file data_38.pdb (PDB, C-alpha atoms, pLDDT in the B column)
ATOM      1  CA  MET N   1     154.149 180.352 -49.036  1.00 68.00           C
ATOM      2  CA  ASN N   2     154.240 183.652 -50.937  1.00 80.00           C
ATOM      3  CA  ASP N   3     156.060 184.164 -54.244  1.00 80.00           C
ATOM      4  CA  GLY N   4     159.116 185.795 -52.646  1.00 86.00           C
ATOM      5  CA  ASP N   5     159.557 182.885 -50.242  1.00 88.00           C
ATOM      6  CA  LYS N   6     159.169 180.369 -53.064  1.00 89.00           C
ATOM      7  CA  GLN N   7     161.805 182.149 -55.135  1.00 91.00           C
ATOM      8  CA  ARG N   8     164.262 182.264 -52.231  1.00 93.00           C
ATOM      9  CA  ARG N   9     163.689 178.583 -51.434  1.00 93.00           C
ATOM     10  CA  LEU N  10     164.169 177.566 -55.069  1.00 92.00           C
ATOM     11  CA  MET N  11     167.392 179.577 -55.355  1.00 93.00           C
ATOM     12  CA  GLU N  12     168.727 177.972 -52.159  1.00 94.00           C
ATOM     13  CA  LEU N  13     167.949 174.484 -53.417  1.00 94.00           C
ATOM     14  CA  LEU N  14     169.088 175.136 -56.982  1.00 94.00           C
ATOM     15  CA  GLY N  15     172.347 176.885 -56.080  1.00 94.00           C
ATOM     16  CA  PRO N  16     174.565 173.790 -55.617  1.00 94.00           C
ATOM     17  CA  LEU N  17     173.427 172.117 -58.838  1.00 93.00           C
ATOM     18  CA  HIS N  18     172.843 175.170 -61.036  1.00 94.00           C
ATOM     19  CA  ASP N  19     175.913 174.792 -63.275  1.00 93.00           C
ATOM     20  CA  GLY N  20     175.566 171.028 -63.648  1.00 93.00           C
ATOM     21  CA  ALA N  21     171.866 171.222 -64.497  1.00 94.00           C
ATOM     22  CA  ARG N  22     172.532 173.985 -67.022  1.00 95.00           C
ATOM     23  CA  MET N  23     175.226 171.895 -68.719  1.00 93.00           C
ATOM     24  CA  THR N  24     172.867 168.906 -68.771  1.00 92.00           C
ATOM     25  CA  ALA N  25     170.241 171.025 -70.511  1.00 92.00           C
ATOM     26  CA  ARG N  26     172.833 172.133 -73.083  1.00 91.00           C
ATOM     27  CA  ARG N  27     173.892 168.551 -73.712  1.00 89.00           C
ATOM     28  CA  LEU N  28     170.315 167.397 -74.111  1.00 88.00           C
ATOM     29  CA  CYS N  29     169.578 170.141 -76.625  1.00 85.00           C
ATOM     30  CA  ARG N  30     172.937 169.874 -78.423  1.00 81.00           C
ATOM     31  CA  CYS N  31     173.129 173.662 -78.496  1.00 83.00           C
ATOM     32  CA  ASN N  32     174.059 176.192 -75.826  1.00 88.00           C
ATOM     33  CA  ALA N  33     171.306 178.688 -76.637  1.00 89.00           C
ATOM     34  CA  ASP N  34     168.545 176.062 -76.744  1.00 89.00           C
ATOM     35  CA  GLY N  35     169.970 174.441 -73.616  1.00 91.00           C
ATOM     36  CA  ASP N  36     169.904 177.727 -71.739  1.00 93.00           C
ATOM     37  CA  ASP N  37     166.289 178.263 -72.837  1.00 93.00           C
ATOM     38  CA  LEU N  38     165.430 174.750 -71.664  1.00 92.00           C
ATOM     39  CA  PHE N  39     167.116 175.343 -68.316  1.00 95.00           C
ATOM     40  CA  HIS N  40     165.301 178.649 -67.744  1.00 94.00           C
ATOM     41  CA  GLU N  41     161.969 177.109 -68.692  1.00 94.00           C
ATOM     42  CA  ALA N  42     162.625 174.256 -66.248  1.00 95.00           C
ATOM     43  CA  VAL N  43     163.443 176.750 -63.473  1.00 95.00           C
ATOM     44  CA  LEU N  44     160.154 178.546 -64.111  1.00 93.00           C
ATOM     45  CA  ARG N  45     158.250 175.259 -64.119  1.00 94.00           C
ATOM     46  CA  ALA N  46     160.016 174.202 -60.907  1.00 94.00           C
ATOM     47  CA  LEU N  47     159.040 177.505 -59.300  1.00 92.00           C
ATOM     48  CA  ASP N  48     155.403 176.955 -60.268  1.00 91.00           C
ATOM     49  CA  HIS N  49     155.419 173.437 -58.804  1.00 91.00           C
ATOM     50  CA  LEU N  50     157.749 173.922 -55.834  1.00 92.00           C
ATOM     51  CA  ASP N  51     154.869 173.246 -53.416  1.00 89.00           C
ATOM     52  CA  GLU N  52     154.772 169.673 -54.767  1.00 89.00           C
ATOM     53  CA  LEU N  53     158.311 168.958 -53.522  1.00 89.00           C
ATOM     54  CA  ARG N  54     157.852 166.897 -50.365  1.00 88.00           C
ATOM     55  CA  ASP N  55     161.470 166.279 -49.358  1.00 90.00           C
ATOM     56  CA  ALA N  56     164.146 168.933 -49.935  1.00 89.00           C
ATOM     57  CA  GLY N  57     166.757 166.155 -49.816  1.00 91.00           C
ATOM     58  CA  ARG N  58     165.383 164.799 -53.087  1.00 91.00           C
ATOM     59  CA  PHE N  59     165.479 168.170 -54.860  1.00 93.00           C
ATOM     60  CA  ARG N  60     168.205 167.108 -57.290  1.00 93.00           C
ATOM     61  CA  SER N  61     166.175 164.187 -58.667  1.00 91.00           C
ATOM     62  CA  TRP N  62     162.981 166.240 -58.603  1.00 94.00           C
ATOM     63  CA  PHE N  63     164.536 169.127 -60.541  1.00 95.00           C
ATOM     64  CA  TYR N  64     166.127 166.843 -63.131  1.00 93.00           C
ATOM     65  CA  ALA N  65     162.719 165.199 -63.616  1.00 92.00           C
ATOM     66  CA  VAL N  66     161.262 168.664 -64.288  1.00 93.00           C
ATOM     67  CA  LEU N  67     164.127 169.396 -66.694  1.00 93.00           C
ATOM     68  CA  LEU N  68     163.568 166.136 -68.600  1.00 91.00           C
ATOM     69  CA  ASN N  69     159.810 166.671 -68.760  1.00 89.00           C
ATOM     70  CA  VAL N  70     160.263 170.152 -70.214  1.00 90.00           C
ATOM     71  CA  HIS N  71     162.809 168.793 -72.694  1.00 89.00           C
ATOM     72  CA  ARG N  72     160.475 166.002 -73.826  1.00 84.00           C
ATOM     73  CA  ALA N  73     157.560 168.389 -74.216  1.00 80.00           C
ATOM     74  CA  ARG N  74     159.662 170.746 -76.327  1.00 77.00           C
ATOM     75  CA  TYR N  75     160.964 167.871 -78.411  1.00 68.00           C
ATOM     76  CA  ARG N  76     157.491 166.515 -79.133  1.00 61.00           C
ATOM     77  CA  MET N  77     156.025 169.914 -79.963  1.00 53.00           C
ATOM     78  CA  SER N  78     158.754 170.963 -82.367  1.00 50.00           C
ATOM     79  CA  PHE N  79     159.251 168.097 -84.788  1.00 43.00           C
ATOM     80  CA  TRP N  80     160.889 170.342 -87.366  1.00 38.00           C
ATOM     81  CA  ARG N  81     163.836 171.076 -85.066  1.00 40.00           C
ATOM     82  CA  ARG N  82     165.022 167.505 -85.464  1.00 42.00           C
ATOM     83  CA  LEU N  83     165.679 168.281 -89.115  1.00 36.00           C
ATOM     84  CA  VAL N  84     167.822 171.344 -88.412  1.00 37.00           C
ATOM     85  CA  PRO N  85     171.578 170.645 -88.434  1.00 40.00           C
ATOM     86  CA  LEU N  86     173.503 170.704 -85.187  1.00 40.00           C
ATOM     87  CA  ASP N  87     174.856 174.122 -84.255  1.00 45.00           C
ATOM     88  CA  GLU N  88     178.512 174.001 -83.441  1.00 39.00           C
ATOM     89  CA  VAL N  89     179.171 174.152 -79.742  1.00 37.00           C
ATOM     90  CA  ARG N  90     180.456 177.522 -78.649  1.00 41.00           C
ATOM     91  CA  ALA N  91     181.966 176.679 -75.323  1.00 39.00           C
ATOM     92  CA  GLU N  92     182.492 179.444 -72.846  1.00 42.00           C
ATOM     93  CA  VAL N  93     186.143 178.531 -72.575  1.00 40.00           C
ATOM     94  CA  ALA N  94     188.999 180.912 -73.117  1.00 43.00           C
ATOM     95  CA  VAL N  95     190.994 179.607 -76.031  1.00 46.00           C
ATOM     96  CA  THR N  96     194.328 179.190 -74.308  1.00 46.00           C
ATOM     97  CA  ASP N  97     196.744 176.288 -74.208  1.00 49.00           C
ATOM     98  CA  GLY N  98     194.448 174.048 -72.126  1.00 55.00           C
ATOM     99  CA  GLY N  99     191.274 175.852 -73.214  1.00 60.00           C
ATOM    100  CA  ARG N 100     191.625 174.845 -76.849  1.00 65.00           C
ATOM    101  CA  ASP N 101     191.711 171.158 -75.896  1.00 65.00           C
ATOM    102  CA  ALA N 102     188.626 171.597 -73.703  1.00 64.00           C
ATOM    103  CA  PHE N 103     186.826 173.456 -76.491  1.00 69.00           C
ATOM    104  CA  GLU N 104     187.671 170.803 -79.088  1.00 74.00           C
ATOM    105  CA  GLY N 105     186.650 168.056 -76.652  1.00 73.00           C
ATOM    106  CA  ALA N 106     183.305 169.765 -76.080  1.00 73.00           C
ATOM    107  CA  GLU N 107     182.740 169.990 -79.834  1.00 78.00           C
ATOM    108  CA  ARG N 108     183.577 166.291 -80.292  1.00 80.00           C
ATOM    109  CA  MET N 109     181.255 165.337 -77.448  1.00 81.00           C
ATOM    110  CA  ALA N 110     178.409 167.451 -78.843  1.00 81.00           C
ATOM    111  CA  ARG N 111     178.756 165.811 -82.264  1.00 83.00           C
ATOM    112  CA  ALA N 112     178.817 162.351 -80.683  1.00 85.00           C
ATOM    113  CA  LEU N 113     175.790 163.019 -78.448  1.00 86.00           C
ATOM    114  CA  ALA N 114     173.892 164.308 -81.480  1.00 85.00           C
ATOM    115  CA  THR N 115     174.022 160.805 -82.969  1.00 87.00           C
ATOM    116  CA  LEU N 116     171.955 159.359 -80.102  1.00 90.00           C
ATOM    117  CA  ALA N 117     168.192 159.100 -79.841  1.00 89.00           C
ATOM    118  CA  PRO N 118     166.789 161.389 -77.114  1.00 88.00           C
ATOM    119  CA  PRO N 119     166.163 158.633 -74.519  1.00 91.00           C
ATOM    120  CA  GLU N 120     169.694 157.296 -75.028  1.00 91.00           C
ATOM    121  CA  ARG N 121     171.188 160.791 -74.842  1.00 90.00           C
ATOM    122  CA  GLU N 122     169.267 161.420 -71.602  1.00 89.00           C
ATOM    123  CA  ALA N 123     170.533 158.170 -70.086  1.00 91.00           C
ATOM    124  CA  ILE N 124     174.171 158.800 -71.053  1.00 90.00           C
ATOM    125  CA  VAL N 125     174.172 162.404 -69.862  1.00 88.00           C
ATOM    126  CA  LEU N 126     172.493 161.540 -66.565  1.00 89.00           C
ATOM    127  CA  PHE N 127     174.630 158.466 -65.839  1.00 90.00           C
ATOM    128  CA  GLU N 128     178.052 159.279 -67.231  1.00 86.00           C
ATOM    129  CA  LEU N 129     178.161 163.043 -66.866  1.00 82.00           C
ATOM    130  CA  GLU N 130     175.819 163.807 -63.959  1.00 83.00           C
ATOM    131  CA  GLY N 131     176.421 160.719 -61.837  1.00 86.00           C
ATOM    132  CA  PHE N 132     172.822 159.574 -61.358  1.00 89.00           C
ATOM    133  CA  SER N 133     172.341 155.929 -60.377  1.00 92.00           C
ATOM    134  CA  LEU N 134     170.595 153.470 -62.694  1.00 94.00           C
ATOM    135  CA  GLU N 135     167.605 153.391 -60.346  1.00 94.00           C
ATOM    136  CA  GLU N 136     167.334 157.200 -60.339  1.00 92.00           C
ATOM    137  CA  ILE N 137     167.474 157.303 -64.135  1.00 93.00           C
ATOM    138  CA  ALA N 138     164.781 154.617 -64.373  1.00 93.00           C
ATOM    139  CA  ALA N 139     162.560 156.749 -62.133  1.00 91.00           C
ATOM    140  CA  LEU N 140     163.345 159.938 -64.091  1.00 89.00           C
ATOM    141  CA  GLN N 141     162.644 158.255 -67.430  1.00 90.00           C
ATOM    142  CA  SER N 142     159.598 156.353 -66.125  1.00 90.00           C
ATOM    143  CA  SER N 143     161.054 153.090 -67.344  1.00 92.00           C
ATOM    144  CA  SER N 144     162.439 149.842 -66.009  1.00 95.00           C
ATOM    145  CA  LEU N 145     165.977 149.291 -64.806  1.00 94.00           C
ATOM    146  CA  SER N 146     166.634 146.883 -67.671  1.00 95.00           C
ATOM    147  CA  ALA N 147     165.455 149.491 -70.196  1.00 95.00           C
ATOM    148  CA  VAL N 148     167.931 152.015 -68.797  1.00 95.00           C
ATOM    149  CA  LYS N 149     170.739 149.453 -68.926  1.00 95.00           C
ATOM    150  CA  SER N 150     169.847 148.647 -72.554  1.00 95.00           C
ATOM    151  CA  ARG N 151     169.818 152.346 -73.466  1.00 94.00           C
ATOM    152  CA  LEU N 152     173.245 152.804 -71.912  1.00 94.00           C
ATOM    153  CA  VAL N 153     174.696 149.788 -73.729  1.00 94.00           C
ATOM    154  CA  ARG N 154     173.246 150.905 -77.078  1.00 94.00           C
ATOM    155  CA  ALA N 155     174.344 154.510 -76.535  1.00 92.00           C
ATOM    156  CA  ARG N 156     177.889 153.513 -75.599  1.00 92.00           C
ATOM    157  CA  GLY N 157     178.092 151.344 -78.704  1.00 92.00           C
ATOM    158  CA  ARG N 158     176.888 154.176 -80.923  1.00 91.00           C
ATOM    159  CA  LEU N 159     179.283 156.612 -79.288  1.00 88.00           C
ATOM    160  CA  ARG N 160     182.176 154.182 -79.713  1.00 89.00           C
ATOM    161  CA  ARG N 161     181.351 153.678 -83.418  1.00 89.00           C
ATOM    162  CA  HIS N 162     180.974 157.432 -83.911  1.00 88.00           C
ATOM    163  CA  TYR N 163     184.369 158.129 -82.385  1.00 84.00           C
ATOM    164  CA  GLU N 164     186.014 155.337 -84.385  1.00 85.00           C
ATOM    165  CA  ARG N 165     184.566 156.592 -87.672  1.00 86.00           C
ATOM    166  CA  HIS N 166     184.473 160.350 -87.336  1.00 80.00           C
ATOM    167  CA  GLU N 167     186.572 161.594 -84.469  1.00 65.00           C
ATOM    168  CA  ARG N 168     190.063 160.510 -85.258  1.00 61.00           C
ATOM    169  CA  ILE N 169     191.602 161.173 -81.905  1.00 53.00           C
ATOM    170  CA  ALA N 170     195.279 160.459 -81.503  1.00 46.00           C
ATOM    171  CA  ARG N 171     195.636 157.635 -79.018  1.00 49.00           C
ATOM    172  CA  PRO N 172     198.590 157.872 -76.669  1.00 48.00           C
ATOM    173  CA  VAL N 173     201.289 155.336 -77.272  1.00 47.00           C
ATOM    174  CA  VAL N 174     201.888 153.231 -74.214  1.00 48.00           C
ATOM    175  CA  GLN N 175     205.446 152.145 -73.796  1.00 50.00           C
ATOM    176  CA  GLU N 176     206.284 149.225 -71.602  1.00 51.00           C
ATOM    177  CA  GLN N 177     208.741 150.044 -68.917  1.00 50.00           C
ATOM    178  CA  GLN N 178     211.965 148.124 -69.088  1.00 49.00           C
ATOM    179  CA  SER N 179     212.967 146.684 -65.712  1.00 44.00           C
TER     180      SER N 179
END
call {"tool": "encode", "arguments": {"input": "data_38.pdb", "output": "structure tokens"}}
result
Amino acid sequence: MNDGDKQRRLMELLGPLHDGARMTARRLCRCNADGDDLFHEAVLRALDHLDELRDAGRFRSWFYAVLLNVHRARYRMSFWRRLVPLDEVRAEVAVTDGGRDAFEGAERMARALATLAPPEREAIVLFELEGFSLEEIAALQSSSLSAVKSRLVRARGRLRRHYERHERIARPVVQEQQS
């Protein structure tokens, strides 16, 4: 397959999950700019290795595996970045009545995800936000099913504690209906 055919095939396969994969990359990196760089690097890596994809029906899992591998490689190679404070999320949301709530929610989520270790953040993003099954996450993270379940439990606990301590969100008051 020549380069033009590979590019067309990748764009066809990537089209339906482009936005979701890009958001996953941003969540993993905790910064839009770094996330976009990660996503673009993963697309280039996927293009280089597209011949290795055996079943187009499994493209979603295959591409997310590429994305996670690129993320892990970047994380290992740049130790100093872990010491840099989290950039505030600059959501591409128009600040309107509903947009402000979405923007503030994205900022709260970014701060909460930043408290997690990378494997926990990967598991939460893939399971809760991207809808991957536990088995798919275990395969993507090259770990056991029980390890993924443990990561999810620990991550949810850390997220819960973070929100209780730092993100004072007004809880709606539930009123019992009088019959």
call {"tool": "resolve_selection", "arguments": {"input": "data_38.pdb", "expression": "the PyMOL selection byres ((chain N and resi 123) around 7)", "output": "list in words"}}
result
Pro119, Glu120, Arg121, Glu122, Ile124, Val125, Leu126, Phe127, Ile137, Val148, Arg151 and Leu152 of chain N
call {"tool": "residues_around", "arguments": {"input": "data_38.pdb", "residues": "N:Gly157", "least_positions_apart": "2", "cutoff": "12 Å", "atoms": "all atoms listed in the file", "output": "NGL selection string"}}
result
:N and (112-113 or 115-116 or 120 or 124 or 150-155 or 159-164)
call {"tool": "closest_residue", "arguments": {"input": "data_38.pdb", "among": "N:Val66, N:Asp36, N:Ser61, N:Leu53", "to": "N:Met23", "atoms": "all atoms listed in the file"}}
result
N:Asp36
call {"tool": "atom_distance", "arguments": {"input": "data_38.pdb", "atom1": "atom CA of N:Arg108", "atom2": "atom CA of N:Ala25"}}
result
17.2 Å
call {"tool": "closest_residue", "arguments": {"input": "data_38.pdb", "among": "N:His71, N:His49, N:Arg9, N:Arg58", "to": "N:Thr24", "atoms": "only C-alpha atoms"}}
result
N:His71
call {"tool": "resolve_selection", "arguments": {"input": "data_38.pdb", "expression": "the PyMOL selection byres ((chain N and resi 42-47) around 8)", "output": "NGL selection string"}}
result
:N and (6-7 or 10 or 38-41 or 48-50 or 63 or 66-67 or 70)
call {"tool": "axis_aligned_box", "arguments": {"input": "data_38.pdb", "around": "stretch 124-134 of chain N", "padding_each_side": "8 Å", "output": "AutoDock Vina command-line options"}}
result
--center_x 174.4 --center_y 158.6 --center_z -65.7 --size_x 23.6 --size_y 26.3 --size_z 26.7
call {"tool": "residues_near_point", "arguments": {"input": "data_38.pdb", "point": "(159.6, 160.1, -66.0)", "cutoff": "8 Å", "atoms": "only C-alpha atoms", "output": "list of chain:residue names"}}
result
N:Ala65, N:Leu68, N:Asn69, N:Ala138, N:Ala139, N:Leu140, N:Gln141, N:Ser142, N:Ser143
call {"tool": "closest_residue", "arguments": {"input": "data_38.pdb", "among": "N:Arg54, N:Arg60, N:Arg8, N:His166", "to": "N:Ala21", "atoms": "only C-alpha atoms"}}
result
N:Arg60
call {"tool": "closest_residue", "arguments": {"input": "data_38.pdb", "among": "N:Glu104, N:Asp34, N:Asp19, N:Glu12", "to": "N:Phe59", "atoms": "all atoms listed in the file"}}
result
N:Glu12
call {"tool": "closest_residue", "arguments": {"input": "data_38.pdb", "among": "N:Ala117, N:Leu14, N:Met109, N:Leu134", "to": "N:Arg26", "atoms": "all atoms listed in the file"}}
result
N:Met109
call {"tool": "atom_distance", "arguments": {"input": "data_38.pdb", "atom1": "atom CA of N:Gly35", "atom2": "atom CA of N:Phe132"}}
result
19.5 Å
call {"tool": "atom_distance", "arguments": {"input": "data_38.pdb", "atom1": "atom CA of N:Lys149", "atom2": "atom CA of N:Pro118"}}
result
15.0 Å
call {"tool": "build_atoms", "arguments": {"input": "data_38.pdb", "residues": "stretch 110-141 of chain N", "atoms": "N, CA and C atoms", "output": "compact mmCIF listing (two decimals), in the coordinates of the input"}}
result
# COMPACT_ATOMS: atom_id res chain seq x y z
N ALA N 110 179.70 166.99 -78.33
CA ALA N 110 178.41 167.45 -78.84
C ALA N 110 178.04 166.72 -80.13
N ARG N 111 179.03 166.55 -81.02
CA ARG N 111 178.76 165.81 -82.26
C ARG N 111 178.40 164.37 -81.97
N ALA N 112 179.09 163.75 -81.03
CA ALA N 112 178.82 162.35 -80.68
C ALA N 112 177.44 162.21 -80.04
N LEU N 113 177.10 163.09 -79.10
CA LEU N 113 175.79 163.02 -78.45
C LEU N 113 174.66 163.25 -79.44
N ALA N 114 174.93 164.03 -80.48
CA ALA N 114 173.89 164.31 -81.48
C ALA N 114 173.50 163.06 -82.26
N THR N 115 174.33 162.03 -82.24
CA THR N 115 174.02 160.80 -82.97
C THR N 115 173.05 159.91 -82.21
N LEU N 116 172.80 160.21 -80.94
CA LEU N 116 171.96 159.36 -80.10
C LEU N 116 170.49 159.78 -80.15
N ALA N 117 169.62 158.81 -79.99
CA ALA N 117 168.19 159.10 -79.84
C ALA N 117 167.99 159.80 -78.50
N PRO N 118 166.98 160.64 -78.36
CA PRO N 118 166.79 161.39 -77.11
C PRO N 118 166.79 160.55 -75.83
N PRO N 119 166.11 159.40 -75.77
CA PRO N 119 166.16 158.63 -74.52
C PRO N 119 167.57 158.12 -74.20
N GLU N 120 168.32 157.75 -75.23
CA GLU N 120 169.69 157.30 -75.03
C GLU N 120 170.58 158.45 -74.58
N ARG N 121 170.41 159.61 -75.21
CA ARG N 121 171.19 160.79 -74.84
C ARG N 121 170.90 161.17 -73.39
N GLU N 122 169.63 161.13 -72.99
CA GLU N 122 169.27 161.42 -71.60
C GLU N 122 169.99 160.46 -70.66
N ALA N 123 169.93 159.17 -70.97
CA ALA N 123 170.53 158.17 -70.09
C ALA N 123 172.04 158.37 -69.97
N ILE N 124 172.72 158.60 -71.07
CA ILE N 124 174.17 158.80 -71.05
C ILE N 124 174.54 160.06 -70.27
N VAL N 125 173.86 161.15 -70.55
CA VAL N 125 174.17 162.40 -69.86
C VAL N 125 173.93 162.26 -68.36
N LEU N 126 172.81 161.67 -67.99
CA LEU N 126 172.49 161.54 -66.56
C LEU N 126 173.44 160.58 -65.85
N PHE N 127 173.80 159.47 -66.50
CA PHE N 127 174.63 158.47 -65.84
C PHE N 127 176.11 158.84 -65.88
N GLU N 128 176.62 159.07 -67.07
CA GLU N 128 178.05 159.28 -67.23
C GLU N 128 178.52 160.67 -66.83
N LEU N 129 177.71 161.68 -67.10
CA LEU N 129 178.16 163.04 -66.87
C LEU N 129 177.63 163.64 -65.57
N GLU N 130 176.42 163.24 -65.16
CA GLU N 130 175.82 163.81 -63.96
C GLU N 130 175.90 162.89 -62.75
N GLY N 131 176.22 161.63 -62.95
CA GLY N 131 176.42 160.72 -61.84
C GLY N 131 175.17 160.15 -61.19
N PHE N 132 174.04 160.17 -61.89
CA PHE N 132 172.82 159.57 -61.36
C PHE N 132 172.97 158.05 -61.37
N SER N 133 172.33 157.39 -60.42
CA SER N 133 172.34 155.93 -60.38
C SER N 133 171.37 155.38 -61.42
N LEU N 134 171.51 154.11 -61.74
CA LEU N 134 170.60 153.47 -62.69
C LEU N 134 169.15 153.55 -62.21
N GLU N 135 168.95 153.34 -60.91
CA GLU N 135 167.60 153.39 -60.35
C GLU N 135 167.01 154.79 -60.46
N GLU N 136 167.82 155.82 -60.22
CA GLU N 136 167.33 157.20 -60.34
C GLU N 136 166.96 157.52 -61.79
N ILE N 137 167.77 157.05 -62.72
CA ILE N 137 167.47 157.30 -64.14
C ILE N 137 166.19 156.58 -64.54
N ALA N 138 166.01 155.36 -64.07
CA ALA N 138 164.78 154.62 -64.37
C ALA N 138 163.57 155.40 -63.87
N ALA N 139 163.67 155.96 -62.67
CA ALA N 139 162.56 156.75 -62.13
C ALA N 139 162.36 158.02 -62.95
N LEU N 140 163.45 158.70 -63.32
CA LEU N 140 163.34 159.94 -64.09
C LEU N 140 162.77 159.69 -65.48
N GLN N 141 163.12 158.55 -66.08
CA GLN N 141 162.64 158.26 -67.43
C GLN N 141 161.36 157.44 -67.43
